[in-house]
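Visitor: Let me give you the structure first, and then I'll get to my questions.
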Amino acid sequence: MIERIAYFDLAAQVRSIRGELDAAIARTLDKCTFCLGPDVEQFEKDFAKSCGVTHCIGFNSGTSALHVAMRLLNVGPGDEVITTPFTFVATSWAISYAGAKPVFVDIDDATCNLDPARIERAITPRTKAILPVHLYGLPFDLAAVSDICQRHHLPLVEDAAQAHAAVYQGRPAGSFGKMACFSFYPGKNLGACGEGGALVTQDAALAARARSLREHGSATRYYHDEIGYNYRMEGFQGAVLGVKLKYLEQWTRERRRVARSYRELLAGTPLQLPREPAGSQSAWHLYVVRHPRRDEIKKHLEARGIGCALHYPLPLHLQKAYAFLGHRPGDFPHAEKAAGECISLPIYPELTDAQVHRVAAAIKEFFAKRPASSG
């Protein structure tokens with residue numbers, strides 16, 4: 001029987017560092033520091049350093065971090081925030097939670113990131129911020145977007161939920177905007193044993209307010225300066241992330257190995273392969289290829305014991321939850337096209353060269369059996 005290739009093998013990662021994780025969790029258990037505490041504080045310091053910023057505030061999820069980012073910018077009813085329609089819905093949730101309107105701008109067909117050439121026509125007097133996503137771990141065009149933000153006096157918030165250790169022009173993703181938000185959902189490149197997130201910034205005042213907002217709007221216990229939230233990171237998650245952060249650089253190198261192998265092995269196939277623009281280094285959170293017959297390819301791979309996934313099959317502007325915005329099919333054609341063509345192949349540090357070759361061979365087999373209709 002052929003061994004199945006998992007789309008994502010989190011168990012393999014846990015096994016490789018199980019002893020360290022057990023010891024870190026045991027220390028937290030012994031100290032009974034379950035909400036925030038020293039493990040979270042140490043992780044915040046270490047993660048801030050890895051991002052090239054001075055402040056990191058840990059949260060119970062990346063969604064919470066994004067929500068607080070909107071609060072820090074005083075985004076509210078009547079305001080608009082420009083973002084992408086092709087991402088996980090948490091990005092736009094944060095805007096909606098603040099009572100503002102997500103204003104979608106179509107993506108670049110080559111990278112699937114927000115297209116800077118389309119942003120300025122979406123700016124209105126109500127625009128309060130720009131919130132692009134480093135999709136799949138590939139930095140968006142930070143130079144172009146930052147220039148637009150500066151010219152229009154708009155803050156840039158980086159949704160870096162998928163971009164741990166991604167690099168743009170020699171600097172870490174997350175170090176360019178007014179602030180950036182990360183997710184530590186278990187499937188992320190740096191994942192907790194449960195939920196977790198962070199907001200990073202160079203601004204001390206924003207950092208102080210973020211710490212207050214995550215803890216019921218309180219800088220001093222039992223004194224509440226504004227309406228806040230229970231968005232604290234758990235002590236266990238700080239301990240786990242502190243262990244895993246030490247391996248992030250190594251794990252990222254392995255993801256880049258897998259991506260290089262796919263690029264070499266799949267060159268010449270009818271697939272549209274992901275690309276890294278000059279000056280960008282993807283974190284390769286996902287390896288996403290495109291083809292109009294995506295669903296058939298997925299079925300073919302799964303029949304051969306190869307896991308795969310779809311990110312994301314329905315763009316945000318066509319989601320039922322956002323029907324009130326009044327968008328229709330065709331409003332953002334590049335996002336809609338990508339949603340119908342994208343398929344995510346297995347990519348994680350523990351994926352072996354032999355497994356990568358097997359995935360590539362199965363894809364080539366698909367096209368060899370369908371030569372007349374594979375373009």
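Residue numbers start at 1 in each chain; chains themselves are named A, B, ... in the order of the structure tokens; ligands are numbered from 1 in the order shown.
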Select from stretch 87-303 of chain A everything DSSP, run on the backbone, classes as alpha helix (DSSP H), then give the selection as a PyMOL selection string.
Guide: chain A and resi 90-97+142-152+204-214+235-245+248-266+294-303
Visitor: Sorted by chain and rising residue number, list the residues of stretch 260-313 of chain A at most 12 Å from stretch 176-198 of chain A (counting only C-alpha atoms), each with its closest atom pair and distance in Å to one decimal, as JSON lines.
Guide:
```
{"residue": "A:Ser282", "atom": "CA", "partner": "A:Asn189", "partner_atom": "CA", "distance": 11.6}
{"residue": "A:Ala283", "atom": "CA", "partner": "A:Asn189", "partner_atom": "CA", "distance": 8.0}
{"residue": "A:Trp284", "atom": "CA", "partner": "A:Asn189", "partner_atom": "CA", "distance": 8.5}
{"residue": "A:His285", "atom": "CA", "partner": "A:Asn189", "partner_atom": "CA", "distance": 6.0}
{"residue": "A:Leu286", "atom": "CA", "partner": "A:Asn189", "partner_atom": "CA", "distance": 9.4}
```
Visitor: How about saving the chosen residues, C-alpha atoms kept, as a CSV table (one decimal), in the first residue's frame?
Guide:
```csv
chain,number,residue,atom,x,y,z
A,282,SER,CA,8.5,34.2,0.5
A,283,ALA,CA,8.0,32.4,3.8
A,284,TRP,CA,6.3,29.7,1.7
A,285,HIS,CA,3.4,29.2,4.1
A,286,LEU,CA,1.6,27.7,1.1
```
Visitor: Find the residues near stretch 225-231 of chain A: any atom within 6 Å, counting only C-alpha atoms, skip ones fewer than 3 places away on the same chain, and give them as a tab-separated table (two decimals) with C-alpha atoms, in the first residue's frame.
Guide:
```tsv
chain	number	residue	atom	x	y	z
A	59	PHE	CA	-2.98	38.05	21.63
A	60	ASN	CA	-5.28	35.06	21.82
A	213	LEU	CA	-7.09	46.91	24.97
A	214	ARG	CA	-6.24	43.20	25.07
A	215	GLU	CA	-6.82	43.24	28.86
A	216	HIS	CA	-10.24	44.83	29.24
A	217	GLY	CA	-9.02	48.35	28.46
A	218	SER	CA	-6.95	48.34	31.62
```
Visitor: From the options A:Gly52, A:Gly340, A:Pro274, A:Gly305, which residue's atoms come nearest to A:Ala166, counting only C-alpha atoms?
Guide: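 Smallest separation from A:Ala166 among the options: A:Gly52.
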Visitor: I'd like a table as JSON lines: residues in stretch 292-323 of chain A with an atom no more than 8 Å from stretch 2-25 of chain A, each row giving the shortest atom pair and its distance in Å to one decimal, only C-alpha atoms counted, sorted by chain and rising residue number.
Guide:
```
{"residue": "A:Arg304", "atom": "CA", "partner": "A:Arg4", "partner_atom": "CA", "distance": 7.9}
{"residue": "A:Gly305", "atom": "CA", "partner": "A:Arg4", "partner_atom": "CA", "distance": 4.6}
{"residue": "A:Ile306", "atom": "CA", "partner": "A:Ile5", "partner_atom": "CA", "distance": 4.8}
{"residue": "A:Gly307", "atom": "CA", "partner": "A:Tyr7", "partner_atom": "CA", "distance": 4.2}
{"residue": "A:Cys308", "atom": "CA", "partner": "A:Tyr7", "partner_atom": "CA", "distance": 5.1}
{"residue": "A:Ala309", "atom": "CA", "partner": "A:Tyr7", "partner_atom": "CA", "distance": 7.2}
```
